[in-house]
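Visitor: Could you have a look at this structure, given as C-alpha cells, before my questions?
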Amino acid sequence: MRSLQIHVLGQGSNVILASFIDGLVIIPQGQHCQWEATDGILHDWNDAVATPDCTSLLLHVDAGVDWPSLVNRAAQQGLWGLENLALIPGNAGAAPVQNIGAYGVELADVLEAVHCIDIASGEHQVLSVEACELGYRSSIFKGAFSGQKIITTLVIRLSREPAPKLGYADLEECVKDPTDPYSIADAVSEIRRAKLPDPKRLANAGSFFKNPVIDHERFQQIEKAHPHIPHYPAPDGVKLAAGWLIDQCGLKGYRSGHFGIHERQALVVVHFGEGTVEELLHFSDFIVQSVEARFGIILEREPRMIG
Ligand SMILES: Cc1cc2nc3c(=O)[nH]c(=O)nc-3n(C[C@H](O)[C@H](O)[C@H](O)COP(=O)(O)OP(=O)(O)OC[C@H]3O[C@@H](n4cnc5c(N)ncnc54)[C@H](O)[C@@H]3O)c2cc1C
C-alpha cells in the first residue's frame, strides 16, 4: 500500500477528476461531532445532550461530516460563526484545504486546529490554525503539505454572542432576523440557490477561477478604463471579481462542446456531460486567454486536478 500514490477526496465538489486515477483514493468517513468541556473531555454533540451555556464552544468535527448540514445544525442551536458559510458543498475535511469562504467569512475566522494523519509516517498530528497557513482560497495543504496529509478532524470555536456579518453584497436585505444565526444561514442558502447551479443537477465545481488580487498601481490603470469595476480591499492589494472580468468578455452563457459558462454566474464552468478533461482544460485556457487579452490579468484555476 505504501508504494501507491494516495489521493484524498471528500465529496469531489472542488476537483477535476482524471478519467483514470492511478493509486489509492481515500475518502475519510468519520461522522462524529463532539464539544469540548473546560476539563478537555469530549462529549457527543447530539440533540439529547445539552451543550453548556458558556459564551463560546469548541467543536471537534470529523472529516466526513457534511459541511452544509453542520452549518445548519450549529445555526439552529444558536451558535454563531458558520452561518455565512451555509450551503458550500462538501465535507468538513476539505474545508481547510482551500480555507473555504463566502459572504465575508472564511473558515480561518473560526478554526482553532486541524487533526491529520501524515501519509508518509502514519503519525497523528495536530496543527494549530497558524500552522495551517490559511489565506485566500489557500492553505499549507495546497502548498508545502500538498498530498502529504489526511485531515481527520477540525476543531472549530463557535460563539453564543450574536455576531452578524451582513456587510457583503446583497446579504443584509435578505436576512429576516439578524439576531438569529439560522436566519442568516437561511438567507445565504436562498441567495446561493438563486445564483449557483446545483452540482447534483448540472455538474460544476463552484468558482472555477480565483478572484485575482492585483497591486494598487495596476488597479488604478484598470479603473481608469473601467470606472465601475467591482473591487474589494485585500491585504496585499485590490481583489477583483473574476466573474465580472469573464462577463465583460461577453462569455456569460457561452458554450463550447461539453462545457460552458453558467448563464447566471460567469465564474462557474458547467459540464453538460461526456467530453474529456483535455477538452475542459482547453475550454479553461480559452477563458484565461480572453480575460488576459482584455484586462492583462491572468486568472488562476481554483479546483485541483486529481489523477
Ligand atoms: C456549487 C458550488 C459552490 C461552491 N461555493 C464555494 C464557496 O462559496 N466558497 C468556497 O470556498 N468554495 C466553494 N465551492 C468549492 C467546494 O465546495 C469547497 O472547496 C469544498 O470544501 C469541497 O469539499 P469536498 O468534500 O467536495 O472536497 P473535494 O472536492 O473532494 O476535495 C477538494 C480538495 O481537498 C482535498 N481533500 C478533501 N478532503 C480531504 C481530507 N480529509 N484531507 C486532506 N485533503 C482533503 C482533496 O484532495 C482536494 O484537493 C463550491 C463548489 C460548488 C460545486
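Residue numbering restarts at 1 for every chain of the C-alpha cells, chains are lettered A, B, ... in their displayed order, and ligands are numbered from 1 as they appear.
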Near Ile21 in chain A, within 12 Å and counting only C-alpha atoms, which residues show up once chain neighbours fewer than 5 positions away are dropped, as a PyMOL selection string?
Guide: chain A and resi 4-9+16+26+305-307
Visitor: Could you list, as a PyMOL selection string, every residue within 8 Å of range 256-272 of chain A, counting only C-alpha atoms and ignoring same-chain residues fewer than 6 positions away?
Guide: chain A and resi 195-197+202-209+242-244+246-247+280+283
Visitor: Could you give me, as a tab-separated table, a per-residue list for range 16-130 of chain A showing, wherever an atom lies at most 10 Å from an atom of range 148-151 of chain A, the closest pair of atoms and their distance in Å to one decimal, using only C-alpha atoms and sorting by chain then residue number from low to high?
Guide:
```
residue	atom	partner	partner_atom	distance
A:Ile26	CA	A:Ile150	CA	8.5
A:Ile27	CA	A:Ile150	CA	9.2
A:Pro28	CA	A:Ile150	CA	8.0
A:Asp62	CA	A:Ile151	CA	8.7
A:Ala63	CA	A:Ile151	CA	6.5
A:Gly64	CA	A:Ile151	CA	9.7
A:Ala92	CA	A:Ile151	CA	9.2
A:Gly93	CA	A:Ile151	CA	5.6
A:Ala94	CA	A:Ile151	CA	7.7
A:Ala95	CA	A:Ile151	CA	9.7
A:Pro96	CA	A:Ile151	CA	8.7
A:Val97	CA	A:Ile151	CA	8.9
A:Val114	CA	A:Ile151	CA	6.9
A:His115	CA	A:Ile151	CA	6.0
A:Cys116	CA	A:Ile151	CA	4.2
A:Ile117	CA	A:Ile150	CA	5.1
A:Asp118	CA	A:Lys149	CA	4.7
A:Ile119	CA	A:Gln148	CA	5.5
A:Ala120	CA	A:Gln148	CA	7.1
A:Ser121	CA	A:Gln148	CA	9.7
A:Gly122	CA	A:Lys149	CA	9.2
A:Glu123	CA	A:Lys149	CA	9.7
A:His124	CA	A:Ile150	CA	9.5
A:Gln125	CA	A:Lys149	CA	9.2
A:Val126	CA	A:Ile151	CA	9.7
```
Visitor: If you keep N, CA, C and O atoms, can you produce a file of those selected residues as a short mmCIF file (atom, residue, chain, number, x, y, z; two decimals), in the first residue's frame?
Guide:
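Dumped to result_9.cif:
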```cif
data_model
loop_
_atom_site.label_atom_id
_atom_site.label_comp_id
_atom_site.auth_asym_id
_atom_site.auth_seq_id
_atom_site.Cartn_x
_atom_site.Cartn_y
_atom_site.Cartn_z
N ILE A 26 -8.62 7.72 -0.90
CA ILE A 26 -9.14 7.61 0.47
C ILE A 26 -10.18 8.70 0.68
O ILE A 26 -9.92 9.88 0.40
N ILE A 27 -11.34 8.29 1.15
CA ILE A 27 -12.40 9.27 1.47
C ILE A 27 -12.71 9.12 2.96
O ILE A 27 -13.39 8.17 3.36
N PRO A 28 -12.20 10.02 3.81
CA PRO A 28 -12.45 9.89 5.25
C PRO A 28 -13.95 9.87 5.54
O PRO A 28 -14.72 10.65 4.97
N ASP A 62 -15.54 15.65 12.70
CA ASP A 62 -14.82 14.67 11.87
C ASP A 62 -14.87 15.05 10.39
O ASP A 62 -15.85 15.67 9.91
N ALA A 63 -13.85 14.61 9.65
CA ALA A 63 -13.69 14.99 8.25
C ALA A 63 -14.87 14.59 7.37
O ALA A 63 -15.17 15.25 6.38
N GLY A 64 -15.57 13.50 7.71
CA GLY A 64 -16.64 13.01 6.84
C GLY A 64 -17.98 13.70 7.03
O GLY A 64 -18.95 13.40 6.33
N ALA A 92 -16.48 18.39 5.80
CA ALA A 92 -15.69 19.24 6.70
C ALA A 92 -14.20 19.09 6.45
O ALA A 92 -13.44 20.06 6.50
N GLY A 93 -13.75 17.86 6.15
CA GLY A 93 -12.32 17.60 5.99
C GLY A 93 -11.67 18.42 4.88
O GLY A 93 -10.47 18.70 4.92
N ALA A 94 -12.46 18.81 3.88
CA ALA A 94 -11.89 19.58 2.76
C ALA A 94 -11.87 21.07 3.07
O ALA A 94 -11.17 21.83 2.39
N ALA A 95 -12.61 21.50 4.09
CA ALA A 95 -12.79 22.94 4.32
C ALA A 95 -11.47 23.69 4.54
O ALA A 95 -11.28 24.79 4.01
N PRO A 96 -10.51 23.12 5.31
CA PRO A 96 -9.25 23.88 5.49
C PRO A 96 -8.38 23.90 4.24
O PRO A 96 -7.52 24.76 4.11
N VAL A 97 -8.58 22.94 3.33
CA VAL A 97 -7.67 22.80 2.19
C VAL A 97 -7.63 24.09 1.38
O VAL A 97 -6.57 24.59 1.02
N VAL A 114 -6.36 21.62 13.37
CA VAL A 114 -6.70 20.53 12.45
C VAL A 114 -5.95 19.28 12.89
O VAL A 114 -4.74 19.34 13.13
N HIS A 115 -6.67 18.17 13.02
CA HIS A 115 -6.01 16.88 13.27
C HIS A 115 -5.81 16.21 11.92
O HIS A 115 -6.72 16.22 11.08
N CYS A 116 -4.63 15.63 11.72
CA CYS A 116 -4.42 14.94 10.45
C CYS A 116 -3.48 13.76 10.63
O CYS A 116 -2.87 13.59 11.69
N ILE A 117 -3.44 12.93 9.59
CA ILE A 117 -2.51 11.81 9.58
C ILE A 117 -1.46 12.12 8.52
O ILE A 117 -1.81 12.50 7.38
N ASP A 118 -0.21 12.00 8.90
CA ASP A 118 0.85 12.19 7.93
C ASP A 118 0.96 10.91 7.09
O ASP A 118 1.16 9.82 7.64
N ILE A 119 0.81 11.05 5.78
CA ILE A 119 0.72 9.86 4.92
C ILE A 119 2.03 9.06 4.94
O ILE A 119 2.02 7.83 5.02
N ALA A 120 3.16 9.75 4.94
CA ALA A 120 4.45 9.03 4.88
C ALA A 120 4.72 8.24 6.15
O ALA A 120 5.16 7.09 6.11
N SER A 121 4.43 8.85 7.33
CA SER A 121 4.81 8.19 8.59
C SER A 121 3.64 7.49 9.27
O SER A 121 3.84 6.69 10.17
N GLY A 122 2.40 7.85 8.87
CA GLY A 122 1.22 7.29 9.52
C GLY A 122 0.96 7.92 10.89
O GLY A 122 0.03 7.54 11.59
N GLU A 123 1.72 8.96 11.21
CA GLU A 123 1.62 9.62 12.52
C GLU A 123 0.39 10.54 12.60
O GLU A 123 0.07 11.22 11.62
N HIS A 124 -0.25 10.57 13.78
CA HIS A 124 -1.33 11.54 14.02
C HIS A 124 -0.70 12.87 14.42
O HIS A 124 0.17 12.91 15.29
N GLN A 125 -1.12 13.95 13.78
CA GLN A 125 -0.54 15.26 14.10
C GLN A 125 -1.66 16.27 14.33
O GLN A 125 -2.74 16.13 13.76
N VAL A 126 -1.37 17.26 15.18
CA VAL A 126 -2.33 18.35 15.39
C VAL A 126 -1.65 19.64 14.96
O VAL A 126 -0.58 19.98 15.46
#
```
Visitor: For Pro68 in chain A, list every protein, DNA or RNA residue within 6 Å, evaluated using only C-alpha atoms, and leave out those in the same chain fewer than 3 positions away; present the list as a VMD selection string.
Guide: chain A and resid 71 86 to 87
Visitor: Please give the complete set of residues from range 74-267 of chain A that DSSP, run on the backbone, assigns to helix (DSSP H, G or I), formatted as a VMD selection string.
Guide: chain A and resid 74 to 76 83 to 85 92 to 94 107 to 109 171 to 174 181 to 195 216 to 225 242 to 248
Visitor: Generate a file of the selected residues that holds N, CA and C atoms, formatted as a CSV table (one decimal), in the first residue's frame.
Guide:
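File part.csv, as written:
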```csv
chain,number,residue,atom,x,y,z
A,74,ALA,N,-25.4,24.0,13.6
A,74,ALA,CA,-24.9,24.9,14.6
A,74,ALA,C,-25.8,26.2,14.7
A,75,ALA,N,-26.2,26.6,13.5
A,75,ALA,CA,-27.0,27.9,13.5
A,75,ALA,C,-28.4,27.6,14.2
A,76,GLN,N,-28.9,26.4,14.0
A,76,GLN,CA,-30.2,26.1,14.6
A,76,GLN,C,-30.1,26.1,16.1
A,83,GLU,N,-22.6,30.6,10.0
A,83,GLU,CA,-23.8,30.9,9.2
A,83,GLU,C,-23.6,31.5,7.8
A,84,ASN,N,-22.5,32.3,7.6
A,84,ASN,CA,-22.3,32.8,6.3
A,84,ASN,C,-21.7,31.8,5.3
A,85,LEU,N,-21.3,30.7,5.9
A,85,LEU,CA,-20.7,29.6,5.1
A,85,LEU,C,-21.7,28.5,4.7
A,92,ALA,N,-16.5,18.4,5.8
A,92,ALA,CA,-15.7,19.2,6.7
A,92,ALA,C,-14.2,19.1,6.5
A,93,GLY,N,-13.8,17.9,6.1
A,93,GLY,CA,-12.3,17.6,6.0
A,93,GLY,C,-11.7,18.4,4.9
A,94,ALA,N,-12.5,18.8,3.9
A,94,ALA,CA,-11.9,19.6,2.8
A,94,ALA,C,-11.9,21.1,3.1
A,107,LEU,N,-13.2,30.1,6.8
A,107,LEU,CA,-13.0,29.1,7.8
A,107,LEU,C,-12.0,29.6,8.8
A,108,ALA,N,-11.0,30.3,8.4
A,108,ALA,CA,-9.9,30.9,9.2
A,108,ALA,C,-10.5,31.6,10.4
A,109,ASP,N,-11.7,32.2,10.3
A,109,ASP,CA,-12.3,33.0,11.3
A,109,ASP,C,-12.7,32.2,12.5
A,171,LEU,N,-26.5,40.6,1.2
A,171,LEU,CA,-27.0,39.8,2.2
A,171,LEU,C,-28.0,40.5,3.2
A,172,GLU,N,-27.6,41.7,3.6
A,172,GLU,CA,-28.4,42.4,4.7
A,172,GLU,C,-29.9,42.4,4.4
A,173,GLU,N,-30.2,42.8,3.1
A,173,GLU,CA,-31.6,43.0,2.8
A,173,GLU,C,-32.4,41.7,2.7
A,174,CYS,N,-31.7,40.6,2.7
A,174,CYS,CA,-32.3,39.3,2.6
A,174,CYS,C,-32.5,38.6,3.9
A,181,PRO,N,-28.7,33.3,14.0
A,181,PRO,CA,-27.7,32.8,13.0
A,181,PRO,C,-28.4,31.9,12.0
A,182,TYR,N,-29.5,31.2,12.4
A,182,TYR,CA,-30.2,30.4,11.4
A,182,TYR,C,-30.8,31.2,10.3
A,183,SER,N,-31.4,32.4,10.7
A,183,SER,CA,-32.0,33.2,9.7
A,183,SER,C,-31.0,33.7,8.7
A,184,ILE,N,-29.7,33.9,9.2
A,184,ILE,CA,-28.7,34.3,8.2
A,184,ILE,C,-28.3,33.2,7.3
A,185,ALA,N,-28.1,32.0,7.9
A,185,ALA,CA,-27.7,30.8,7.1
A,185,ALA,C,-28.8,30.5,6.1
A,186,ASP,N,-30.1,30.7,6.5
A,186,ASP,CA,-31.2,30.5,5.6
A,186,ASP,C,-31.1,31.5,4.4
A,187,ALA,N,-30.9,32.8,4.7
A,187,ALA,CA,-30.8,33.8,3.7
A,187,ALA,C,-29.6,33.5,2.7
A,188,VAL,N,-28.5,33.1,3.3
A,188,VAL,CA,-27.3,32.8,2.4
A,188,VAL,C,-27.7,31.7,1.5
A,189,SER,N,-28.3,30.6,2.1
A,189,SER,CA,-28.7,29.5,1.2
A,189,SER,C,-29.6,29.9,0.1
A,190,GLU,N,-30.6,30.7,0.4
A,190,GLU,CA,-31.6,31.2,-0.6
A,190,GLU,C,-30.8,31.9,-1.7
A,191,ILE,N,-29.9,32.8,-1.3
A,191,ILE,CA,-29.2,33.6,-2.4
A,191,ILE,C,-28.4,32.7,-3.2
A,192,ARG,N,-27.7,31.7,-2.6
A,192,ARG,CA,-26.9,30.8,-3.3
A,192,ARG,C,-27.7,29.9,-4.3
A,193,ARG,N,-28.8,29.5,-3.8
A,193,ARG,CA,-29.7,28.6,-4.7
A,193,ARG,C,-30.1,29.4,-5.9
A,194,ALA,N,-30.4,30.7,-5.7
A,194,ALA,CA,-30.8,31.5,-6.9
A,194,ALA,C,-29.7,31.8,-7.8
A,195,LYS,N,-28.4,31.8,-7.3
A,195,LYS,CA,-27.3,32.3,-8.2
A,195,LYS,C,-26.5,31.1,-8.8
A,216,HIS,N,-2.0,48.1,-6.2
A,216,HIS,CA,-2.8,49.4,-6.3
A,216,HIS,C,-2.5,50.1,-7.7
A,217,GLU,N,-1.3,50.1,-8.1
A,217,GLU,CA,-0.9,50.9,-9.3
A,217,GLU,C,-1.6,50.3,-10.5
A,218,ARG,N,-1.6,49.0,-10.6
A,218,ARG,CA,-2.2,48.3,-11.7
A,218,ARG,C,-3.7,48.5,-11.7
A,219,PHE,N,-4.3,48.5,-10.4
A,219,PHE,CA,-5.7,48.7,-10.3
A,219,PHE,C,-6.1,50.1,-10.8
A,220,GLN,N,-5.3,51.1,-10.4
A,220,GLN,CA,-5.7,52.5,-10.9
A,220,GLN,C,-5.7,52.6,-12.4
A,221,GLN,N,-4.8,51.9,-13.1
A,221,GLN,CA,-4.8,51.9,-14.5
A,221,GLN,C,-6.1,51.2,-15.1
A,222,ILE,N,-6.5,50.1,-14.5
A,222,ILE,CA,-7.6,49.4,-15.0
A,222,ILE,C,-8.9,50.2,-14.7
A,223,GLU,N,-8.9,50.8,-13.5
A,223,GLU,CA,-10.1,51.6,-13.1
A,223,GLU,C,-10.4,52.8,-14.0
A,224,LYS,N,-9.3,53.4,-14.5
A,224,LYS,CA,-9.4,54.5,-15.5
A,224,LYS,C,-10.2,54.1,-16.7
A,225,ALA,N,-9.9,52.9,-17.2
A,225,ALA,CA,-10.6,52.4,-18.4
A,225,ALA,C,-12.0,51.8,-18.0
A,242,ALA,N,-13.4,37.9,-10.5
A,242,ALA,CA,-13.1,37.1,-11.7
A,242,ALA,C,-14.4,37.0,-12.6
A,243,GLY,N,-15.5,36.7,-11.9
A,243,GLY,CA,-16.8,36.5,-12.7
A,243,GLY,C,-17.1,37.8,-13.5
A,244,TRP,N,-16.9,39.0,-13.0
A,244,TRP,CA,-17.1,40.2,-13.7
A,244,TRP,C,-16.2,40.3,-14.9
A,245,LEU,N,-14.9,40.0,-14.7
A,245,LEU,CA,-14.0,40.1,-15.8
A,245,LEU,C,-14.4,39.1,-16.9
A,246,ILE,N,-14.9,37.9,-16.6
A,246,ILE,CA,-15.3,37.0,-17.6
A,246,ILE,C,-16.5,37.5,-18.3
A,247,ASP,N,-17.5,38.0,-17.5
A,247,ASP,CA,-18.7,38.6,-18.1
A,247,ASP,C,-18.4,39.7,-19.1
A,248,GLN,N,-17.4,40.6,-18.7
A,248,GLN,CA,-17.1,41.7,-19.6
A,248,GLN,C,-16.5,41.2,-20.9
```
Visitor: Running DSSP on the backbone, which parts of range 68-268 of chain A land in strand (DSSP E), as a tab-separated table (two decimals) with N, CA, C and O atoms, in the first residue's frame?
Guide:
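The result, stored in states_23.tsv:
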```
chain	number	residue	atom	x	y	z
A	101	GLY	N	-14.61	30.00	1.96
A	101	GLY	CA	-15.07	31.33	2.34
A	101	GLY	C	-16.26	31.75	1.51
A	101	GLY	O	-16.43	31.30	0.38
A	102	ALA	N	-17.10	32.58	2.11
A	102	ALA	CA	-18.24	33.15	1.38
A	102	ALA	C	-18.84	34.27	2.22
A	102	ALA	O	-18.76	34.23	3.45
A	105	VAL	N	-16.85	35.84	5.19
A	105	VAL	CA	-16.36	35.00	6.29
A	105	VAL	C	-15.53	33.86	5.68
A	105	VAL	O	-15.83	33.39	4.59
A	106	GLU	N	-14.48	33.47	6.40
A	106	GLU	CA	-13.66	32.33	5.96
A	106	GLU	C	-13.57	31.34	7.11
A	106	GLU	O	-13.73	31.72	8.28
A	111	LEU	N	-11.60	28.55	12.83
A	111	LEU	CA	-10.80	27.33	13.01
A	111	LEU	C	-9.75	27.53	14.10
A	111	LEU	O	-9.10	28.56	14.16
A	112	GLU	N	-9.61	26.53	14.97
A	112	GLU	CA	-8.57	26.58	16.02
A	112	GLU	C	-7.43	25.63	15.69
A	112	GLU	O	-6.28	25.92	15.95
A	113	ALA	N	-7.79	24.43	15.16
A	113	ALA	CA	-6.75	23.42	14.90
A	113	ALA	C	-7.28	22.37	13.94
A	113	ALA	O	-8.49	22.25	13.72
A	114	VAL	N	-6.36	21.62	13.37
A	114	VAL	CA	-6.70	20.53	12.45
A	114	VAL	C	-5.95	19.28	12.89
A	114	VAL	O	-4.74	19.34	13.13
A	115	HIS	N	-6.67	18.17	13.02
A	115	HIS	CA	-6.01	16.88	13.27
A	115	HIS	C	-5.81	16.21	11.92
A	115	HIS	O	-6.72	16.22	11.08
A	116	CYS	N	-4.63	15.63	11.72
A	116	CYS	CA	-4.42	14.94	10.45
A	116	CYS	C	-3.48	13.76	10.63
A	116	CYS	O	-2.87	13.59	11.69
A	117	ILE	N	-3.44	12.93	9.59
A	117	ILE	CA	-2.51	11.81	9.58
A	117	ILE	C	-1.46	12.12	8.52
A	117	ILE	O	-1.81	12.50	7.38
A	118	ASP	N	-0.21	12.00	8.90
A	118	ASP	CA	0.85	12.19	7.93
A	118	ASP	C	0.96	10.91	7.09
A	118	ASP	O	1.16	9.82	7.64
A	124	HIS	N	-0.25	10.57	13.78
A	124	HIS	CA	-1.33	11.54	14.02
A	124	HIS	C	-0.70	12.87	14.42
A	124	HIS	O	0.17	12.91	15.29
A	125	GLN	N	-1.12	13.95	13.78
A	125	GLN	CA	-0.54	15.26	14.10
A	125	GLN	C	-1.66	16.27	14.33
A	125	GLN	O	-2.74	16.13	13.76
A	126	VAL	N	-1.37	17.26	15.18
A	126	VAL	CA	-2.33	18.35	15.39
A	126	VAL	C	-1.65	19.64	14.96
A	126	VAL	O	-0.58	19.98	15.46
A	127	LEU	N	-2.28	20.32	14.00
A	127	LEU	CA	-1.72	21.59	13.52
A	127	LEU	C	-2.56	22.74	14.04
A	127	LEU	O	-3.79	22.72	13.90
A	128	SER	N	-1.93	23.74	14.62
A	128	SER	CA	-2.68	24.93	15.05
A	128	SER	C	-3.16	25.66	13.80
A	128	SER	O	-2.63	25.44	12.70
A	149	LYS	N	-1.02	14.96	3.75
A	149	LYS	CA	-1.79	14.77	4.99
A	149	LYS	C	-3.22	14.34	4.68
A	149	LYS	O	-3.80	14.76	3.68
A	150	ILE	N	-3.76	13.54	5.59
A	150	ILE	CA	-5.20	13.23	5.54
A	150	ILE	C	-5.81	13.96	6.73
A	150	ILE	O	-5.50	13.65	7.89
A	151	ILE	N	-6.65	14.92	6.46
A	151	ILE	CA	-7.29	15.67	7.55
A	151	ILE	C	-8.39	14.79	8.13
A	151	ILE	O	-9.22	14.24	7.39
A	152	THR	N	-8.38	14.63	9.45
A	152	THR	CA	-9.35	13.73	10.08
A	152	THR	C	-10.38	14.48	10.92
A	152	THR	O	-11.52	14.04	11.02
A	153	THR	N	-9.98	15.58	11.54
A	153	THR	CA	-10.90	16.32	12.44
A	153	THR	C	-10.57	17.81	12.41
A	153	THR	O	-9.39	18.17	12.36
A	154	LEU	N	-11.59	18.64	12.46
A	154	LEU	CA	-11.39	20.09	12.60
A	154	LEU	C	-11.80	20.48	14.01
A	154	LEU	O	-12.78	19.95	14.55
A	155	VAL	N	-11.08	21.42	14.60
A	155	VAL	CA	-11.50	21.99	15.88
A	155	VAL	C	-11.92	23.43	15.60
A	155	VAL	O	-11.13	24.24	15.09
A	156	ILE	N	-13.19	23.69	15.89
A	156	ILE	CA	-13.79	24.98	15.50
A	156	ILE	C	-14.32	25.68	16.75
A	156	ILE	O	-14.94	25.03	17.60
A	157	ARG	N	-14.10	27.00	16.85
A	157	ARG	CA	-14.66	27.72	18.01
A	157	ARG	C	-15.89	28.52	17.56
A	157	ARG	O	-15.78	29.38	16.69
A	158	LEU	N	-17.02	28.21	18.16
A	158	LEU	CA	-18.26	28.95	17.87
A	158	LEU	C	-18.67	29.73	19.10
A	158	LEU	O	-18.21	29.47	20.20
A	159	SER	N	-19.58	30.68	18.90
A	159	SER	CA	-19.92	31.59	19.99
A	159	SER	C	-21.44	31.71	20.15
A	159	SER	O	-22.18	31.53	19.18
A	203	ALA	N	-23.37	19.50	-13.46
A	203	ALA	CA	-22.04	19.33	-12.85
A	203	ALA	C	-21.24	20.63	-12.91
A	203	ALA	O	-21.17	21.30	-13.95
A	204	ASN	N	-20.66	20.99	-11.79
A	204	ASN	CA	-19.78	22.16	-11.72
A	204	ASN	C	-18.97	22.08	-10.45
A	204	ASN	O	-19.28	21.29	-9.56
A	205	ALA	N	-17.91	22.88	-10.38
A	205	ALA	CA	-17.04	22.86	-9.19
A	205	ALA	C	-17.09	24.19	-8.46
A	205	ALA	O	-16.14	24.59	-7.80
A	206	GLY	N	-18.22	24.90	-8.57
A	206	GLY	CA	-18.31	26.23	-7.96
A	206	GLY	C	-17.43	27.19	-8.74
A	206	GLY	O	-17.27	27.07	-9.96
A	207	SER	N	-16.80	28.13	-8.03
A	207	SER	CA	-15.94	29.10	-8.72
A	207	SER	C	-14.81	28.36	-9.42
A	207	SER	O	-14.07	27.61	-8.77
A	213	VAL	N	-5.93	39.08	-7.22
A	213	VAL	CA	-5.52	40.23	-6.40
A	213	VAL	C	-4.39	40.93	-7.14
A	213	VAL	O	-3.40	40.29	-7.53
A	214	ILE	N	-4.56	42.25	-7.38
A	214	ILE	CA	-3.54	42.99	-8.13
A	214	ILE	C	-3.04	44.16	-7.29
A	214	ILE	O	-3.71	44.55	-6.32
A	231	HIS	N	-14.55	45.96	-6.91
A	231	HIS	CA	-13.26	45.67	-6.29
A	231	HIS	C	-13.39	45.70	-4.77
A	231	HIS	O	-14.28	46.34	-4.23
A	232	TYR	N	-12.49	44.98	-4.12
A	232	TYR	CA	-12.54	44.83	-2.66
A	232	TYR	C	-11.13	44.95	-2.11
A	232	TYR	O	-10.18	44.50	-2.75
A	233	PRO	N	-11.00	45.55	-0.92
A	233	PRO	CA	-9.65	45.65	-0.35
A	233	PRO	C	-9.10	44.26	-0.03
A	233	PRO	O	-9.85	43.37	0.39
A	234	ALA	N	-7.83	44.05	-0.27
A	234	ALA	CA	-7.17	42.78	0.08
A	234	ALA	C	-5.88	43.14	0.80
A	234	ALA	O	-5.34	44.23	0.59
A	237	GLY	N	-3.15	44.15	-1.78
A	237	GLY	CA	-3.55	44.87	-2.99
A	237	GLY	C	-5.05	45.05	-3.09
A	237	GLY	O	-5.73	45.32	-2.11
A	238	VAL	N	-5.57	44.84	-4.29
A	238	VAL	CA	-7.01	45.01	-4.54
A	238	VAL	C	-7.51	43.71	-5.17
A	238	VAL	O	-6.92	43.21	-6.13
A	239	LYS	N	-8.64	43.22	-4.61
A	239	LYS	CA	-9.21	41.98	-5.15
A	239	LYS	C	-10.28	42.33	-6.18
A	239	LYS	O	-11.14	43.17	-5.92
A	240	LEU	N	-10.21	41.70	-7.34
A	240	LEU	CA	-11.22	41.92	-8.39
A	240	LEU	C	-12.13	40.70	-8.49
A	240	LEU	O	-11.76	39.61	-8.04
A	255	ARG	N	-21.06	28.55	-24.56
A	255	ARG	CA	-20.89	27.09	-24.53
A	255	ARG	C	-20.01	26.64	-25.67
A	255	ARG	O	-20.12	27.15	-26.80
A	256	SER	N	-19.12	25.70	-25.36
A	256	SER	CA	-18.31	25.10	-26.41
A	256	SER	C	-18.26	23.61	-26.13
A	256	SER	O	-17.71	23.18	-25.11
A	259	PHE	N	-18.78	21.79	-22.44
A	259	PHE	CA	-18.56	22.68	-21.30
A	259	PHE	C	-19.10	24.07	-21.60
A	259	PHE	O	-19.30	24.43	-22.76
A	260	GLY	N	-19.34	24.83	-20.56
A	260	GLY	CA	-19.85	26.17	-20.78
A	260	GLY	C	-19.67	27.04	-19.55
A	260	GLY	O	-19.24	26.57	-18.49
A	261	ILE	N	-19.98	28.34	-19.72
A	261	ILE	CA	-20.00	29.27	-18.59
A	261	ILE	C	-21.47	29.40	-18.18
A	261	ILE	O	-22.33	29.59	-19.03
A	268	VAL	N	-18.64	30.34	-12.89
A	268	VAL	CA	-18.86	28.89	-12.78
A	268	VAL	C	-18.80	28.24	-14.16
A	268	VAL	O	-19.58	28.60	-15.06
```
Visitor: So how many Å separate atom 27 (O, counted along the ligand's line) of ligand 1 and CA of Pro235 in chain A, to one decimal?
Guide: 26.4 Å
Visitor: A:Glu130, A:Glu274, A:Asp198, A:Glu279: which is nearest ligand 1, counting only C-alpha atoms and all ligand atoms?
Guide: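 Closest candidate: A:Asp198.
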